[in-house]
>>> print(open('start-v1.csv').read())   # CSV, C-alpha atoms and all ligand atoms
chain,number,residue,atom,x,y,z
K,1,MET,CA,91.7,78.2,122.0
K,2,LYS,CA,91.8,80.0,118.7
K,3,ILE,CA,94.7,80.4,116.2
K,4,LEU,CA,95.0,82.9,113.4
K,5,VAL,CA,96.6,81.6,110.1
K,6,LEU,CA,98.0,84.7,108.5
K,7,ASN,CA,99.4,84.7,105.0
K,8,GLY,CA,101.4,87.5,103.2
K,9,PRO,CA,102.0,88.6,99.7
K,10,ASN,CA,101.4,86.5,96.6
K,11,LEU,CA,100.2,83.5,98.7
K,12,ASN,CA,96.7,84.1,97.2
K,13,LEU,CA,98.3,82.8,93.9
K,14,LEU,CA,99.1,79.4,95.4
K,15,GLY,CA,98.2,76.5,93.1
K,16,GLN,CA,98.2,78.7,90.0
K,17,ARG,CA,102.0,79.1,89.3
K,18,GLU,CA,105.3,77.7,90.4
K,19,PRO,CA,103.9,74.3,91.6
K,20,ASP,CA,107.4,72.9,91.6
K,21,ILE,CA,108.3,75.3,94.5
K,22,TYR,CA,105.0,75.9,96.2
K,23,GLY,CA,102.9,72.8,95.4
K,24,VAL,CA,99.5,72.4,93.7
K,25,SER,CA,97.3,73.2,96.7
K,26,THR,CA,95.4,76.5,96.6
K,27,LEU,CA,95.2,78.7,99.6
K,28,ALA,CA,91.5,77.6,100.0
K,29,ASP,CA,92.7,73.9,99.9
K,30,ILE,CA,95.2,74.7,102.6
K,31,GLU,CA,92.6,76.5,104.7
K,32,SER,CA,90.3,73.5,104.4
K,33,MET,CA,93.1,71.1,105.5
K,34,CYS,CA,93.8,73.4,108.4
K,35,LEU,CA,90.2,73.2,109.5
K,36,ASP,CA,90.4,69.4,109.5
K,37,THR,CA,93.5,69.6,111.7
K,38,GLY,CA,91.8,72.2,113.9
K,39,ARG,CA,88.9,69.8,114.5
K,40,ASP,CA,91.3,67.0,115.3
K,41,ILE,CA,93.2,68.9,117.9
K,42,GLY,CA,90.2,70.9,119.2
K,43,VAL,CA,91.4,74.3,118.2
K,44,GLU,CA,89.3,77.1,116.4
K,45,LEU,CA,90.9,78.9,113.5
K,46,GLY,CA,90.7,82.1,111.6
K,47,PHE,CA,92.3,83.0,108.3
K,48,ALA,CA,93.6,86.2,106.7
K,49,GLN,CA,95.8,87.0,103.7
K,50,SER,CA,97.1,90.3,102.5
K,51,ASN,CA,99.5,91.5,99.9
K,52,HIS,CA,100.0,94.7,101.9
K,53,GLU,CA,102.6,95.1,104.7
K,54,GLY,CA,100.5,97.5,106.8
K,55,ALA,CA,97.4,95.2,106.6
K,56,LEU,CA,99.6,92.4,108.0
K,57,VAL,CA,100.7,94.7,110.8
K,58,ASP,CA,97.0,95.6,111.4
K,59,ALA,CA,96.1,91.9,111.6
K,60,ILE,CA,98.9,91.1,114.1
K,61,GLN,CA,97.9,94.1,116.2
K,62,GLY,CA,94.2,93.1,116.1
K,63,ALA,CA,94.6,89.5,117.0
K,64,PRO,CA,94.8,89.7,120.8
K,65,GLY,CA,91.4,89.4,122.4
K,66,THR,CA,90.2,87.1,119.6
K,67,TYR,CA,93.2,84.8,119.1
K,68,ASP,CA,95.7,83.0,121.3
K,69,GLY,CA,98.4,82.5,118.7
K,70,ILE,CA,99.4,83.4,115.1
K,71,VAL,CA,100.8,81.1,112.4
K,72,LEU,CA,102.4,83.5,110.0
K,73,ASN,CA,103.7,82.9,106.5
K,74,ALA,CA,104.8,86.5,105.9
K,75,GLY,CA,106.0,85.6,102.3
K,76,ALA,CA,108.8,87.9,101.0
K,77,TYR,CA,108.2,90.3,103.9
K,78,THR,CA,109.9,87.7,106.1
K,79,HIS,CA,113.2,88.8,104.6
K,80,SER,CA,112.6,92.6,104.7
K,81,SER,CA,110.0,93.9,107.0
K,82,ILE,CA,111.0,95.7,110.1
K,83,ALA,CA,107.4,96.8,110.5
K,84,ILE,CA,106.1,93.2,110.8
K,85,ARG,CA,109.0,92.3,113.1
K,86,ASP,CA,108.1,95.3,115.4
K,87,ALA,CA,104.4,94.2,115.3
K,88,ILE,CA,105.4,90.7,116.4
K,89,SER,CA,107.7,92.1,119.1
K,90,ALA,CA,104.9,94.2,120.4
K,91,THR,CA,102.1,91.6,120.5
K,92,THR,CA,101.4,89.6,123.5
K,93,LEU,CA,100.6,86.5,121.4
K,94,PRO,CA,103.1,83.8,120.3
K,95,VAL,CA,103.9,83.9,116.6
K,96,LEU,CA,105.2,80.9,114.6
K,97,GLU,CA,107.1,81.6,111.3
K,98,LEU,CA,106.1,79.3,108.5
K,99,HIS,CA,107.2,78.7,104.9
K,100,LEU,CA,106.1,76.3,102.3
K,101,SER,CA,109.5,76.0,100.7
K,102,ASN,CA,112.9,75.4,102.4
K,103,VAL,CA,114.1,79.0,102.2
K,104,HIS,CA,117.7,77.9,103.1
K,105,ALA,CA,117.9,75.7,99.9
K,106,ARG,CA,117.0,78.8,97.8
K,107,GLU,CA,118.5,82.1,96.9
K,108,GLY,CA,120.8,83.8,99.4
K,109,PHE,CA,118.4,86.7,100.1
K,110,ARG,CA,115.8,84.2,101.5
K,111,HIS,CA,118.3,82.8,104.1
K,112,HIS,CA,117.8,85.8,106.4
K,113,SER,CA,114.6,86.2,108.3
K,114,MET,CA,113.8,89.5,109.8
K,115,ILE,CA,111.1,87.9,112.0
K,116,ALA,CA,112.6,84.6,113.2
K,117,PRO,CA,114.3,86.2,116.3
K,118,VAL,CA,110.9,87.4,117.6
K,119,CYS,CA,109.0,84.2,116.7
K,120,ILE,CA,108.6,81.1,118.9
K,121,GLY,CA,109.9,78.9,116.1
K,122,VAL,CA,110.2,78.3,112.4
K,123,ILE,CA,108.7,75.6,110.1
K,124,GLY,CA,109.6,75.4,106.4
K,125,GLY,CA,110.2,73.0,103.5
K,126,PHE,CA,107.2,70.7,104.0
K,127,GLY,CA,104.8,72.4,101.6
K,128,ALA,CA,101.1,72.6,102.6
K,129,THR,CA,101.7,70.0,105.3
K,130,GLY,CA,103.8,72.6,107.1
K,131,TYR,CA,100.6,74.5,108.0
K,132,LEU,CA,99.2,71.4,109.7
K,133,LEU,CA,102.5,70.9,111.6
K,134,ALA,CA,102.5,74.6,112.6
K,135,LEU,CA,99.0,74.3,114.0
K,136,ARG,CA,100.0,71.3,116.1
K,137,ALA,CA,103.2,73.0,117.2
K,138,MET,CA,101.2,76.2,118.2
K,139,ALA,CA,98.5,74.2,120.0
K,140,ASN,CA,101.2,72.3,121.8
K,141,HIS,CA,102.9,75.6,122.7
K,142,LEU,CA,99.6,76.9,124.0
K,143,GLY,CA,99.0,73.7,125.9
K,144,ALA,CA,95.8,72.8,124.0
K,145,ASP,CA,96.8,69.9,121.9
K,146,ARG,CA,95.2,66.5,122.4
D,201,LIG,O1,108.1,79.3,101.1
D,201,LIG,C1,107.3,80.2,101.5
D,201,LIG,O2,106.3,80.0,102.0
D,201,LIG,C2,107.7,81.7,101.2
D,201,LIG,O3,107.2,82.4,102.4
D,201,LIG,C3,106.9,82.1,100.0
D,201,LIG,C4,107.2,83.5,99.5
D,201,LIG,C5,108.7,83.7,99.4
D,201,LIG,O4,109.0,85.1,99.1
D,201,LIG,C6,109.4,83.4,100.7
D,201,LIG,O5,110.8,83.5,100.5
D,201,LIG,C7,109.2,81.9,101.1
D,201,LIG,C8,106.6,83.8,98.1
D,201,LIG,C9,105.2,83.4,98.0
D,201,LIG,C10,104.8,83.5,96.5
D,201,LIG,O6,103.8,82.6,96.3
D,201,LIG,C11,103.5,82.3,95.1
D,201,LIG,C12,102.6,81.2,94.9
D,201,LIG,C13,102.2,80.8,93.6
D,201,LIG,C14,102.8,81.5,92.5
D,201,LIG,C15,103.7,82.5,92.7
D,201,LIG,C16,104.0,82.9,94.0
>>> encode(input="start-v1.csv", output="structure tokens")
Amino acid sequence: MKILVLNGPNLNLLGQREPDIYGVSTLADIESMCLDTGRDIGVELGFAQSNHEGALVDAIQGAPGTYDGIVLNAGAYTHSSIAIRDAISATTLPVLELHLSNVHAREGFRHHSMIAPVCIGVIGGFGATGYLLALRAMANHLGADR
């Protein structure tokens, strides 16, 4: 069982700015925490990040055959990208929408998700811990958790 953790625009900056909103962990810290959880629940992981919408579409399209599910923090594209929504609709894999922050407690433009209707569920507001919750939720969805 293998899960892709896919991060979108600006998430490569984690830990460098806006720690009050996004926390102090870097993306590398989060990936390391994810690997610990992956070992705990017996799931393999892969990681990717891109600031480019098309590259995220490519990653979603390329995941079947290697991965069984996708944990996706699409960043700001969550709120705008029909292309990413269409890629999620088209894939055979389950996709979980993830956010570090509670988007519903923030600006109005973050309250709408273009991708939520085509995802299996949404996790947000728990900072870096949300990634670990998302892995457990996806593993449970895939029937692999221990
Ligand atoms: O809360 C989340 O995880 C978001 O997906 C993060 C996006 C935001 O546009 C979404 O509404 C919610 C922004 C990621 C920006 O990440 C930064 C990290 C450090 C410094 C600056 C930006």
>>> atom_distance(input="start-v1.csv", atom1="atom CA of Asn7 of chain K", atom2="atom CA of Asn73 of chain K")
4.9 Å
>>> closest_atom_pairs(input="start-v1.csv", of="chain K", to="ligand LIG 201 (chain D)", cutoff="8 Å", atoms="all atoms listed in the file", output="JSON lines")
{"residue": "K:Gly8", "atom": "CA", "partner": "D:LIG201", "partner_atom": "C9", "distance": 7.6}
{"residue": "K:Pro9", "atom": "CA", "partner": "D:LIG201", "partner_atom": "C9", "distance": 6.3}
{"residue": "K:Asn10", "atom": "CA", "partner": "D:LIG201", "partner_atom": "C10", "distance": 4.5}
{"residue": "K:Leu11", "atom": "CA", "partner": "D:LIG201", "partner_atom": "O6", "distance": 4.4}
{"residue": "K:Asn12", "atom": "CA", "partner": "D:LIG201", "partner_atom": "C12", "distance": 7.0}
{"residue": "K:Leu13", "atom": "CA", "partner": "D:LIG201", "partner_atom": "C13", "distance": 4.4}
{"residue": "K:Leu14", "atom": "CA", "partner": "D:LIG201", "partner_atom": "C13", "distance": 3.8}
{"residue": "K:Gly15", "atom": "CA", "partner": "D:LIG201", "partner_atom": "C13", "distance": 5.9}
{"residue": "K:Gln16", "atom": "CA", "partner": "D:LIG201", "partner_atom": "C13", "distance": 5.8}
{"residue": "K:Arg17", "atom": "CA", "partner": "D:LIG201", "partner_atom": "C14", "distance": 4.1}
{"residue": "K:Glu18", "atom": "CA", "partner": "D:LIG201", "partner_atom": "C14", "distance": 5.0}
{"residue": "K:Pro19", "atom": "CA", "partner": "D:LIG201", "partner_atom": "C13", "distance": 7.0}
{"residue": "K:Ile21", "atom": "CA", "partner": "D:LIG201", "partner_atom": "O1", "distance": 7.7}
{"residue": "K:Tyr22", "atom": "CA", "partner": "D:LIG201", "partner_atom": "C12", "distance": 6.0}
{"residue": "K:Asn73", "atom": "CA", "partner": "D:LIG201", "partner_atom": "O3", "distance": 5.4}
{"residue": "K:Ala74", "atom": "CA", "partner": "D:LIG201", "partner_atom": "O3", "distance": 5.9}
{"residue": "K:Gly75", "atom": "CA", "partner": "D:LIG201", "partner_atom": "O3", "distance": 3.4}
{"residue": "K:Ala76", "atom": "CA", "partner": "D:LIG201", "partner_atom": "O4", "distance": 3.4}
{"residue": "K:Tyr77", "atom": "CA", "partner": "D:LIG201", "partner_atom": "O4", "distance": 7.1}
{"residue": "K:Thr78", "atom": "CA", "partner": "D:LIG201", "partner_atom": "C6", "distance": 6.9}
{"residue": "K:His79", "atom": "CA", "partner": "D:LIG201", "partner_atom": "O5", "distance": 7.1}
{"residue": "K:Leu98", "atom": "CA", "partner": "D:LIG201", "partner_atom": "O2", "distance": 6.5}
{"residue": "K:His99", "atom": "CA", "partner": "D:LIG201", "partner_atom": "O2", "distance": 3.3}
{"residue": "K:Leu100", "atom": "CA", "partner": "D:LIG201", "partner_atom": "O2", "distance": 3.7}
{"residue": "K:Ser101", "atom": "CA", "partner": "D:LIG201", "partner_atom": "O1", "distance": 3.6}
{"residue": "K:Asn102", "atom": "CA", "partner": "D:LIG201", "partner_atom": "O1", "distance": 6.3}
{"residue": "K:Val103", "atom": "CA", "partner": "D:LIG201", "partner_atom": "C7", "distance": 5.8}
{"residue": "K:Arg110", "atom": "CA", "partner": "D:LIG201", "partner_atom": "O5", "distance": 5.1}
{"residue": "K:Gly124", "atom": "CA", "partner": "D:LIG201", "partner_atom": "O1", "distance": 6.7}
{"residue": "K:Gly125", "atom": "CA", "partner": "D:LIG201", "partner_atom": "O1", "distance": 7.1}
{"residue": "K:Gly127", "atom": "CA", "partner": "D:LIG201", "partner_atom": "O1", "distance": 7.7}
>>> closest_residue(input="start-v1.csv", among="K:Ala137, K:Ala128, K:Ala90, K:Val118", to="Ser32 of chain K", atoms="all atoms listed in the file")
K:Ala128
>>> closest_residue(input="start-v1.csv", among="K:Leu27, K:Val122, K:Leu56, K:Leu4", to="Val71 of chain K", atoms="all atoms listed in the file")
K:Leu4
>>> atom_distance(input="start-v1.csv", atom1="atom CA of His141 of chain K", atom2="atom CA of Val57 of chain K")
22.6 Å
>>> residues_around(input="start-v1.csv", residues="Ser80 of chain K", least_positions_apart="6", cutoff="9 Å", atoms="only C-alpha atoms", output="ChimeraX atom specification")
/K:112-115
